[in-house]
Each structure stands twice: as structure tokens, then as C-alpha cells.
$ cat target-v5.tsv   # TSV, C-alpha atoms
chain	number	residue	atom	x	y	z
A	24	MET	CA	203.31	-14.09	62.07
A	25	ILE	CA	201.41	-12.78	65.01
A	26	VAL	CA	200.11	-9.20	64.82
A	27	THR	CA	199.37	-7.53	68.04
A	28	ALA	CA	196.84	-4.76	68.58
A	29	LYS	CA	199.69	-2.39	69.22
A	30	GLY	CA	201.37	-3.21	65.86
A	31	SER	CA	198.19	-2.75	63.82
A	32	ALA	CA	197.50	0.53	65.59
A	33	CYS	CA	200.97	1.76	64.58
A	34	ARG	CA	200.42	0.72	60.97
A	35	MET	CA	196.98	2.31	60.98
A	36	GLY	CA	198.44	5.50	62.43
A	37	ALA	CA	201.13	5.57	59.74
A	38	VAL	CA	198.56	5.09	56.97
A	39	LEU	CA	196.32	7.82	58.38
A	40	SER	CA	199.30	10.11	58.76
A	41	ARG	CA	200.29	9.64	55.11
A	42	LEU	CA	196.72	10.07	53.97
A	43	LEU	CA	196.31	13.25	56.01
A	44	CYS	CA	199.61	14.60	54.68
A	45	GLY	CA	198.44	13.95	51.11
A	46	VAL	CA	195.14	15.73	51.74
A	47	VAL	CA	196.92	18.73	53.25
A	48	CYS	CA	199.28	18.90	50.26
A	49	VAL	CA	196.38	18.79	47.79
A	50	VAL	CA	194.50	21.51	49.71
A	51	LEU	CA	197.58	23.73	49.91
A	52	PHE	CA	198.46	23.18	46.25
A	53	GLY	CA	194.86	23.87	45.22
A	54	ALA	CA	194.79	27.07	47.27
A	55	ALA	CA	198.05	28.22	45.73
A	56	ALA	CA	196.77	27.48	42.24
A	57	SER	CA	193.50	29.34	42.81
A	58	ALA	CA	195.35	32.29	44.33
A	59	ALA	CA	197.62	32.54	41.29
A	60	GLY	CA	197.95	36.13	40.18
A	61	ILE	CA	196.28	37.96	37.34
A	62	ASN	CA	197.85	41.10	35.89
A	63	LEU	CA	195.57	44.14	35.85
A	64	PRO	CA	196.17	47.69	34.62
A	65	VAL	CA	196.42	50.21	37.46
A	66	PRO	CA	197.25	53.94	37.56
A	67	ARG	CA	200.94	54.80	37.89
A	68	GLN	CA	199.91	58.05	39.62
A	69	THR	CA	196.67	59.67	40.77
A	70	ILE	CA	194.30	60.29	37.85
A	71	HIS	CA	191.72	63.01	38.47
A	72	PRO	CA	188.13	63.20	37.15
A	73	GLY	CA	188.07	64.52	33.59
A	74	ASP	CA	191.65	63.42	32.82
A	75	ALA	CA	192.20	61.43	29.64
A	76	ILE	CA	193.84	58.06	30.27
A	77	THR	CA	197.02	57.52	28.28
A	78	PRO	CA	199.34	54.48	28.17
A	79	THR	CA	202.01	56.35	30.17
A	80	LEU	CA	199.59	56.71	33.13
A	81	LEU	CA	199.18	52.92	33.46
A	82	ILE	CA	201.26	50.04	34.80
A	83	GLU	CA	200.53	46.34	35.31
A	84	ARG	CA	200.20	44.86	38.79
A	85	SER	CA	199.49	41.31	39.94
A	86	PHE	CA	196.32	40.57	41.94
A	87	PRO	CA	194.65	37.33	43.07
A	88	LYS	CA	192.22	35.91	40.51
A	89	ALA	CA	189.43	36.35	43.05
A	90	THR	CA	189.78	40.13	42.71
A	91	ALA	CA	188.56	39.98	39.12
A	92	GLN	CA	185.76	37.59	40.05
A	93	ARG	CA	184.45	39.64	42.99
A	94	PHE	CA	184.60	43.15	41.54
A	95	ALA	CA	183.59	44.76	38.25
A	96	ILE	CA	186.99	46.05	37.21
A	97	VAL	CA	188.76	46.87	33.95
A	98	MET	CA	190.73	43.82	32.85
A	99	SER	CA	192.88	45.12	29.99
A	100	ARG	CA	194.95	48.18	29.23
A	101	GLU	CA	193.35	48.49	25.78
A	102	ASP	CA	189.94	49.07	27.41
A	103	LEU	CA	191.34	52.08	29.30
A	104	VAL	CA	193.47	53.98	26.82
A	105	GLY	CA	191.50	56.89	25.37
A	106	MET	CA	188.84	56.78	28.10
A	107	GLU	CA	188.19	59.57	30.61
A	108	ALA	CA	188.25	59.23	34.39
A	109	LYS	CA	184.84	59.89	35.95
A	110	ARG	CA	186.27	59.87	39.48
A	111	THR	CA	189.67	59.90	41.16
A	112	LEU	CA	191.74	56.78	40.38
A	113	LEU	CA	194.38	55.93	42.98
A	114	PRO	CA	197.84	54.59	42.14
A	115	GLY	CA	198.24	50.81	42.31
A	116	GLN	CA	194.50	50.13	42.76
A	117	PRO	CA	192.30	48.19	40.29
A	118	ILE	CA	190.05	50.46	38.21
A	119	PRO	CA	186.28	49.93	38.56
A	120	LEU	CA	184.31	49.79	35.30
A	121	THR	CA	182.09	52.62	36.51
A	122	ALA	CA	185.06	54.93	37.19
A	123	VAL	CA	185.85	55.47	33.50
A	124	GLY	CA	183.82	56.39	30.45
A	125	ALA	CA	183.95	57.69	26.93
A	126	PRO	CA	185.47	61.17	26.63
A	127	ARG	CA	182.98	64.03	26.92
A	128	LEU	CA	182.60	65.88	23.66
A	129	ILE	CA	179.99	68.30	25.03
A	130	ARG	CA	180.56	70.10	28.32
A	131	ARG	CA	177.89	71.82	30.37
A	132	GLY	CA	177.90	75.61	29.97
A	133	GLU	CA	180.15	75.58	26.90
A	134	PRO	CA	179.10	76.48	23.35
A	135	ALA	CA	178.24	73.71	20.93
A	136	ARG	CA	177.04	73.39	17.35
A	137	LEU	CA	173.45	72.25	16.79
A	138	VAL	CA	172.62	70.57	13.48
A	139	PHE	CA	169.00	70.14	12.42
A	140	HIS	CA	168.56	67.69	9.56
A	141	GLU	CA	165.27	66.72	7.97
A	142	ARG	CA	164.43	65.86	4.32
A	143	GLY	CA	167.52	67.52	2.87
A	144	LEU	CA	167.16	70.69	5.00
A	145	PHE	CA	170.18	71.52	7.14
A	146	ILE	CA	170.13	74.24	9.78
A	147	VAL	CA	173.19	74.93	11.92
A	148	ALA	CA	172.97	77.04	15.08
A	149	GLN	CA	175.13	77.98	18.03
A	150	VAL	CA	173.80	76.54	21.33
A	151	GLU	CA	174.86	76.22	24.96
A	152	ALA	CA	175.18	72.70	26.38
A	153	MET	CA	173.00	72.13	29.45
A	154	GLN	CA	174.60	68.71	30.14
A	155	ASN	CA	177.88	66.89	29.59
A	156	GLY	CA	177.81	64.26	26.87
A	157	ALA	CA	179.88	61.70	25.01
A	158	ALA	CA	179.25	60.43	21.48
A	159	GLY	CA	175.78	58.84	21.31
A	160	ASP	CA	174.44	60.49	24.48
A	161	VAL	CA	171.17	62.42	24.42
A	162	VAL	CA	171.77	65.89	25.85
A	163	LYS	CA	169.77	69.03	26.46
A	164	VAL	CA	170.98	72.23	24.75
A	165	ARG	CA	169.69	75.82	24.73
A	166	ASN	CA	169.52	78.02	21.64
A	167	LEU	CA	171.38	81.25	22.45
A	168	ASP	CA	169.18	83.41	20.19
A	169	SER	CA	165.71	82.18	21.15
A	170	GLY	CA	166.34	80.62	24.56
A	171	LEU	CA	164.53	77.47	23.36
A	172	THR	CA	165.72	74.21	24.97
A	173	VAL	CA	165.91	71.08	22.80
A	174	MET	CA	167.23	67.53	23.12
A	175	GLY	CA	169.72	66.10	20.65
A	176	ILE	CA	172.22	63.31	20.12
A	177	VAL	CA	175.93	64.05	20.47
A	178	GLN	CA	177.79	63.14	17.28
A	179	ALA	CA	181.41	61.94	17.02
A	180	ASP	CA	182.49	65.37	15.71
A	181	GLY	CA	181.10	67.10	18.84
A	182	SER	CA	177.98	68.52	17.21
A	183	VAL	CA	174.43	67.86	18.48
A	184	LEU	CA	172.01	66.37	15.95
A	185	VAL	CA	168.33	67.24	16.15
A	186	GLY	CA	165.64	65.99	13.76
A	187	ASN	CA	164.86	62.74	11.99
$ encode --input "target-v5.tsv" --output "C-alpha cells"
Amino acid sequence: MIVTAKGSACRMGAVLSRLLCGVVCVVLFGAAASAAGINLPVPRQTIHPGDAITPTLLIERSFPKATAQRFAIVMSREDLVGMEAKRTLLPGQPIPLTAVGAPRLIRRGEPARLVFHERGLFIVAQVEAMQNGAAGDVVKVRNLDSGLTVMGIVQADGSVLVGN
């Protein structure tokens, strides 16, 4: 059998063509697999700052996996329910981690209950909150009777604890 230069060039072209086709298929399949969607919780409607997030305000929407890798966003519905919006959340958009927080128990300008506790001595006083605060936050409050400003820790019941 005599093989001419033209015949081997045709065979070589066919092999390269198949090889190139295989590479293209692998690249396309790999891109499709990496672009596979991930379901993220998003607002069903606009949620305004200060609004409590309830399950009825959320829906699931599919996004590329890269969205979760590039941005610091809330990944699960359970992490959102019961939280409070710190800024406006738009419908259908992923929710940034910094856009939600624990509900504020103390609100600036509103009355609060101050509890002083040290060695068995309890003193309770009415104060005005100088800052917003969630449970565990250190906030500044002002005694309404004396005008004295003190720092305390917001408790889960909404009171402000001062003392040891």
C-alpha cells in the first residue's frame, strides 16, 4: 500500500478535527457544569430598613454558583427568618450578609429599663436609649432623673445591664 502525502494529510486533518471537537465538548460541558445553578433566598417584594424578615417575604431563585463565591451573601432561608433588614432589599436580588442583622431591642430616643446588678444588689431605673442595639450590643443610655450617661449591655429581654 502506497500512502501519498495528500492521503496522510487528510488522515491527520481528520484526527485533529476529532481531537479538537472532543476538546471543545469537554470545555463546553465543563463550563455548563460550573455554571450550574444554586438556589438562594431572595425577597419576594421590597423589604425596607427596620422590617422584620418573615418566611412569606422570601422566595428561592436560581443563580450561578459563581455568585455565591464572589459575593458575601446569605445562603439559606433559615439564616434570614427573624432577622431585621438594615437597608432596602430589592425583589429577586441576592441578600448581602451586611444588609441584615439581629432585631434591635433598644431604639435610640425610646425609653428602656436599666438594671444594675452587683453582689446581690439590684437597682432598676428608667433610661433613654442613646443608640440602637440588639442583644449583646454595648449601648449608651441616659438616666432620665439625673441626666447621667452610662454604657450597658443589651439583654435578650430588652433591658440594659450595667455592673459586674
$ atom_distance --input "target-v5.tsv" --atom1 "CA of Pro119 in chain A" --atom2 "CA of Pro64 in chain A"
10.9 Å
$ atom_distance --input "target-v5.tsv" --atom1 "CA of Pro126 in chain A" --atom2 "CA of Arg93 in chain A"
27.1 Å
$ residues_around --input "target-v5.tsv" --residues "range 75-85 of chain A" --least-positions-apart "5" --cutoff "8 Å" --atoms "all atoms listed in the file" --output "count of residues only"
19
$ residues_around --input "target-v5.tsv" --residues "range 138-144 of chain A" --least-positions-apart "2" --cutoff "6 Å" --atoms "only C-alpha atoms" --output "mmCIF file with C-alpha atoms, in the frame of the given file"
data_model
loop_
_atom_site.group_PDB
_atom_site.id
_atom_site.type_symbol
_atom_site.label_atom_id
_atom_site.label_comp_id
_atom_site.auth_asym_id
_atom_site.auth_seq_id
_atom_site.Cartn_x
_atom_site.Cartn_y
_atom_site.Cartn_z
ATOM 1 C CA ILE A 146 170.130 74.240 9.780
ATOM 2 C CA VAL A 147 173.190 74.930 11.920
ATOM 3 C CA VAL A 183 174.430 67.860 18.480
ATOM 4 C CA LEU A 184 172.010 66.370 15.950
ATOM 5 C CA VAL A 185 168.330 67.240 16.150
ATOM 6 C CA GLY A 186 165.640 65.990 13.760
ATOM 7 C CA ASN A 187 164.860 62.740 11.990
#
$ atom_distance --input "target-v5.tsv" --atom1 "CA of Thr69 in chain A" --atom2 "CA of Lys109 in chain A"
12.8 Å
$ closest_residue --input "target-v5.tsv" --among "A:Gly181, A:Gly170, A:Pro117, A:Gly124" --to "Arg136 in chain A" --atoms "all atoms listed in the file"
A:Gly181
$ residues_around --input "target-v5.tsv" --residues "Ala152 in chain A" --least-positions-apart "4" --cutoff "8 Å" --atoms "only C-alpha atoms" --output "mmCIF file with C-alpha atoms, in the coordinates of the input"
data_model
loop_
_atom_site.group_PDB
_atom_site.id
_atom_site.type_symbol
_atom_site.label_atom_id
_atom_site.label_comp_id
_atom_site.auth_asym_id
_atom_site.auth_seq_id
_atom_site.Cartn_x
_atom_site.Cartn_y
_atom_site.Cartn_z
ATOM 1 C CA ILE A 129 179.990 68.300 25.030
ATOM 2 C CA ARG A 130 180.560 70.100 28.320
ATOM 3 C CA ARG A 131 177.890 71.820 30.370
ATOM 4 C CA GLY A 132 177.900 75.610 29.970
ATOM 5 C CA GLU A 133 180.150 75.580 26.900
ATOM 6 C CA PRO A 134 179.100 76.480 23.350
ATOM 7 C CA ALA A 135 178.240 73.710 20.930
ATOM 8 C CA VAL A 162 171.770 65.890 25.850
ATOM 9 C CA LYS A 163 169.770 69.030 26.460
ATOM 10 C CA VAL A 164 170.980 72.230 24.750
ATOM 11 C CA ARG A 165 169.690 75.820 24.730
#
$ residues_around --input "target-v5.tsv" --residues "Asn166 in chain A" --least-positions-apart "6" --cutoff "8 Å" --atoms "all atoms listed in the file" --output "number ranges by chain"
A: 148-151, 172-173
$ closest_residue --input "target-v5.tsv" --among "A:Val177, A:Gly156, A:Thr90, A:His71" --to "Pro114 in chain A" --atoms "only C-alpha atoms"
A:His71
$ closest_residue --input "target-v5.tsv" --among "A:Arg110, A:Arg127, A:Leu137, A:Ala158" --to "Asp180 in chain A" --atoms "only C-alpha atoms"
A:Ala158
$ closest_residue --input "target-v5.tsv" --among "A:Leu167, A:Ala89, A:Gln154, A:Gly73" --to "Ala125 in chain A" --atoms "all atoms listed in the file"
A:Gly73
